[in-house]
file data11.cif (mmCIF, C-alpha atoms)
data_final
loop_
_atom_site.group_PDB
_atom_site.id
_atom_site.type_symbol
_atom_site.label_atom_id
_atom_site.label_comp_id
_atom_site.auth_asym_id
_atom_site.auth_seq_id
_atom_site.Cartn_x
_atom_site.Cartn_y
_atom_site.Cartn_z
ATOM 1 C CA MET A 1 0.000 0.000 0.000
ATOM 2 C CA GLY A 2 1.186 3.566 -0.725
ATOM 3 C CA GLU A 3 1.998 6.370 1.638
ATOM 4 C CA GLU A 4 -0.797 8.056 3.535
ATOM 5 C CA PRO A 5 -1.957 11.346 1.960
ATOM 6 C CA THR A 6 -0.953 14.340 4.055
ATOM 7 C CA THR A 7 -3.502 16.885 2.833
ATOM 8 C CA ALA A 8 -7.201 16.845 2.012
ATOM 9 C CA ARG A 9 -6.345 17.525 -1.638
ATOM 10 C CA ALA A 10 -3.903 14.626 -1.727
ATOM 11 C CA ALA A 11 -6.539 12.361 -0.169
ATOM 12 C CA ARG A 12 -9.126 13.392 -2.807
ATOM 13 C CA ILE A 13 -6.606 12.726 -5.566
ATOM 14 C CA GLU A 14 -5.831 9.274 -4.143
ATOM 15 C CA VAL A 15 -9.530 8.371 -3.867
ATOM 16 C CA GLY A 16 -10.075 9.604 -7.417
ATOM 17 C CA GLN A 17 -7.226 7.464 -8.736
ATOM 18 C CA ARG A 18 -8.570 4.372 -6.954
ATOM 19 C CA SER A 19 -11.970 5.050 -8.483
ATOM 20 C CA VAL A 20 -10.421 5.353 -11.946
ATOM 21 C CA ARG A 21 -8.671 2.004 -11.476
ATOM 22 C CA ALA A 22 -12.030 0.382 -10.594
ATOM 23 C CA LEU A 23 -13.737 1.659 -13.749
ATOM 24 C CA ALA A 24 -12.713 -1.243 -15.996
ATOM 25 C CA ASN A 25 -14.399 -3.641 -13.592
ATOM 26 C CA HIS A 26 -17.563 -1.537 -13.259
ATOM 27 C CA LEU A 27 -17.862 -1.082 -17.027
ATOM 28 C CA GLN A 28 -16.731 -4.588 -17.984
ATOM 29 C CA GLY A 29 -13.933 -3.077 -20.079
ATOM 30 C CA GLU A 30 -16.214 -1.073 -22.387
ATOM 31 C CA HIS A 31 -16.975 2.643 -22.622
ATOM 32 C CA LEU A 32 -13.943 3.594 -20.577
ATOM 33 C CA PRO A 33 -12.636 7.164 -20.570
ATOM 34 C CA ARG A 34 -9.693 8.266 -22.686
ATOM 35 C CA ARG A 35 -7.649 10.318 -20.325
ATOM 36 C CA PRO A 36 -6.721 13.064 -19.736
ATOM 37 C CA ASP A 37 -9.501 14.385 -22.015
ATOM 38 C CA TRP A 38 -12.162 12.102 -20.554
ATOM 39 C CA ASP A 39 -13.753 11.167 -23.868
ATOM 40 C CA CYS A 40 -15.208 7.687 -24.418
ATOM 41 C CA LEU A 41 -12.839 5.135 -25.957
ATOM 42 C CA THR A 42 -15.733 3.162 -27.497
ATOM 43 C CA CYS A 43 -18.071 5.869 -28.788
ATOM 44 C CA ASP A 44 -17.316 8.549 -31.340
ATOM 45 C CA PRO A 45 -13.948 10.105 -30.392
ATOM 46 C CA SER A 46 -15.522 13.393 -29.356
ATOM 47 C CA THR A 47 -18.155 11.861 -27.051
ATOM 48 C CA PRO A 48 -17.603 13.144 -23.512
ATOM 49 C CA TRP A 49 -17.337 10.497 -20.825
ATOM 50 C CA PRO A 50 -19.443 9.309 -19.105
ATOM 51 C CA CYS A 51 -21.304 8.503 -22.304
ATOM 52 C CA ASP A 52 -24.883 7.211 -22.172
ATOM 53 C CA PRO A 53 -23.875 3.504 -22.223
ATOM 54 C CA ALA A 54 -21.388 4.092 -19.388
ATOM 55 C CA ARG A 55 -24.047 5.894 -17.354
ATOM 56 C CA VAL A 56 -26.501 3.034 -17.854
ATOM 57 C CA ARG A 57 -23.943 0.397 -16.853
ATOM 58 C CA LEU A 58 -22.812 2.374 -13.794
ATOM 59 C CA ALA A 59 -26.413 2.972 -12.712
ATOM 60 C CA GLU A 60 -27.175 -0.746 -13.105
ATOM 61 C CA THR A 61 -24.115 -1.664 -11.040
ATOM 62 C CA TYR A 62 -25.223 0.509 -8.139
ATOM 63 C CA GLU A 63 -28.938 -0.216 -8.603
ATOM 64 C CA GLU A 64 -28.315 -3.884 -7.766
ATOM 65 C CA HIS A 65 -27.638 -2.732 -4.220
ATOM 66 C CA ASP A 66 -30.200 0.116 -4.247
ATOM 67 C CA ASN A 67 -27.278 2.480 -3.708
ATOM 68 C CA ARG A 68 -27.890 5.715 -5.620
ATOM 69 C CA ILE A 69 -25.925 7.629 -2.983
ATOM 70 C CA GLY A 70 -22.964 5.320 -3.532
ATOM 71 C CA LEU A 71 -23.169 6.001 -7.268
ATOM 72 C CA SER A 72 -23.142 9.743 -6.616
ATOM 73 C CA MET A 73 -20.162 9.413 -4.294
ATOM 74 C CA TYR A 74 -18.285 7.231 -6.785
ATOM 75 C CA MET A 75 -18.905 9.698 -9.604
ATOM 76 C CA GLY A 76 -17.833 12.512 -7.275
ATOM 77 C CA SER A 77 -14.501 10.795 -6.771
ATOM 78 C CA LEU A 78 -14.103 10.478 -10.546
ATOM 79 C CA LEU A 79 -14.978 14.172 -10.787
ATOM 80 C CA HIS A 80 -11.954 14.942 -8.594
ATOM 81 C CA ALA A 81 -9.723 12.912 -10.909
ATOM 82 C CA ALA A 82 -11.113 14.770 -13.936
ATOM 83 C CA LEU A 83 -10.645 18.143 -12.230
ATOM 84 C CA GLU A 84 -6.953 17.332 -11.788
ATOM 85 C CA GLU A 85 -6.560 16.299 -15.423
ATOM 86 C CA MET A 86 -8.702 19.066 -16.972
ATOM 87 C CA PRO A 87 -7.890 22.170 -14.921
ATOM 88 C CA ASP A 88 -9.053 24.527 -17.694
ATOM 89 C CA THR A 89 -12.576 23.070 -17.771
ATOM 90 C CA PRO A 90 -14.977 24.906 -15.437
ATOM 91 C CA ALA A 91 -15.783 22.826 -12.356
ATOM 92 C CA ASN A 92 -19.532 23.387 -12.746
ATOM 93 C CA GLU A 93 -19.409 21.875 -16.258
ATOM 94 C CA LEU A 94 -17.591 18.817 -14.975
ATOM 95 C CA HIS A 95 -20.035 18.500 -12.071
ATOM 96 C CA GLU A 96 -22.945 18.467 -14.527
ATOM 97 C CA ARG A 97 -21.170 15.884 -16.641
ATOM 98 C CA PHE A 98 -20.018 13.564 -13.854
ATOM 99 C CA VAL A 99 -22.440 13.904 -10.950
ATOM 100 C CA ALA A 100 -25.683 15.708 -11.802
ATOM 101 C CA TRP A 101 -27.081 12.821 -13.863
ATOM 102 C CA THR A 102 -26.987 10.504 -10.822
ATOM 103 C CA ARG A 103 -29.904 12.262 -9.079
#
call {"tool": "encode", "arguments": {"input": "data11.cif", "output": "C-alpha cells"}}
result
Amino acid sequence: MGEEPTTARAARIEVGQRSVRALANHLQGEHLPRRPDWDCLTCDPSTPWPCDPARVRLAETYEEHDNRIGLSMYMGSLLHAALEEMPDTPANELHERFVAWTR
C-alpha cells in the first residue's frame, strides 16, 4: 500500500485514482474514458465520458444494491480525478457531466 496522503487535496486525488482504477471492472472493459480528455474510448472520439452507455452500466451496477448515494459518491470521486486532469474546464461543467445525472 502507498503512503498516507498528508492533505485533504492529496486524499481526494488518491480516492479519485482508486476510483479510476475500478472503472474497468464496473464497465466490464467497455466505454472507458480516454484520459486526460475524458472522452469515451468506445463511442465517437468526441463523445464526452461518461457517455450514455457508461451511465446506464454504472447505474445498473449501483442499482443492484439500491445504492444511488454510492453512485453519486463514486462519480464525485471520478470528478476529482477529472478536475486534476482538466484544470481549464470549469468545475460546474464537470459537475454536470459527472455527478448531476446521478440524481
call {"tool": "closest_residue", "arguments": {"input": "data11.cif", "among": "A:Val99, A:Ile69, A:Ala22, A:Ala11", "to": "A:Pro50", "atoms": "all atoms listed in the file"}}
result
A:Val99
call {"tool": "resolve_selection", "arguments": {"input": "data11.cif", "expression": "the PyMOL selection byres ((chain A and resi 81) around 9)", "output": "JSON, numbers by chain"}}
result
{"A": [12, 13, 14, 15, 16, 17, 19, 20, 76, 77, 78, 79, 80, 82, 83, 84, 85, 86]}
call {"tool": "residues_around", "arguments": {"input": "data11.cif", "residues": "A:Cys51", "least_positions_apart": "5", "cutoff": "12 Å", "atoms": "all atoms listed in the file", "output": "PyMOL selection string"}}
result
chain A and resi 27+30-34+38-46+56-58+97-98+101
call {"tool": "resolve_selection", "arguments": {"input": "data11.cif", "expression": "the PyMOL selection byres ((chain A and resi 61) around 12)", "output": "VMD selection string"}}
result
chain A and resid 23 25 to 28 54 to 60 62 to 68 70 to 71 74
call {"tool": "write_last_selection", "arguments": {"input": "data11.cif", "atoms": "C-alpha atoms", "output": "tab-separated table (two decimals), keeping the file's coordinate frame"}}
result
chain	number	residue	atom	x	y	z
A	23	LEU	CA	-13.74	1.66	-13.75
A	25	ASN	CA	-14.40	-3.64	-13.59
A	26	HIS	CA	-17.56	-1.54	-13.26
A	27	LEU	CA	-17.86	-1.08	-17.03
A	28	GLN	CA	-16.73	-4.59	-17.98
A	54	ALA	CA	-21.39	4.09	-19.39
A	55	ARG	CA	-24.05	5.89	-17.35
A	56	VAL	CA	-26.50	3.03	-17.85
A	57	ARG	CA	-23.94	0.40	-16.85
A	58	LEU	CA	-22.81	2.37	-13.79
A	59	ALA	CA	-26.41	2.97	-12.71
A	60	GLU	CA	-27.18	-0.75	-13.10
A	62	TYR	CA	-25.22	0.51	-8.14
A	63	GLU	CA	-28.94	-0.22	-8.60
A	64	GLU	CA	-28.32	-3.88	-7.77
A	65	HIS	CA	-27.64	-2.73	-4.22
A	66	ASP	CA	-30.20	0.12	-4.25
A	67	ASN	CA	-27.28	2.48	-3.71
A	68	ARG	CA	-27.89	5.72	-5.62
A	70	GLY	CA	-22.96	5.32	-3.53
A	71	LEU	CA	-23.17	6.00	-7.27
A	74	TYR	CA	-18.28	7.23	-6.78
call {"tool": "atom_distance", "arguments": {"input": "data11.cif", "atom1": "atom CA of A:Asp37", "atom2": "atom CA of A:Asp88"}}
result
11.0 Å
call {"tool": "atom_distance", "arguments": {"input": "data11.cif", "atom1": "atom CA of A:Glu96", "atom2": "atom CA of A:Asp52"}}
result
13.7 Å
call {"tool": "closest_residue", "arguments": {"input": "data11.cif", "among": "A:Pro53, A:Arg18, A:Pro36, A:Ala10", "to": "A:Pro87", "atoms": "all atoms listed in the file"}}
result
A:Pro36
call {"tool": "atom_distance", "arguments": {"input": "data11.cif", "atom1": "atom CA of A:Trp49", "atom2": "atom CA of A:Arg35"}}
result
9.7 Å
call {"tool": "axis_aligned_box", "arguments": {"input": "data11.cif", "around": "stretch 89-96 of chain A", "padding_each_side": "3 Å", "output": "lines of an AutoDock Vina configuration file"}}
result
center_x = -17.8
center_y = 21.7
center_z = -14.9
size_x = 16.4
size_y = 12.4
size_z = 11.7
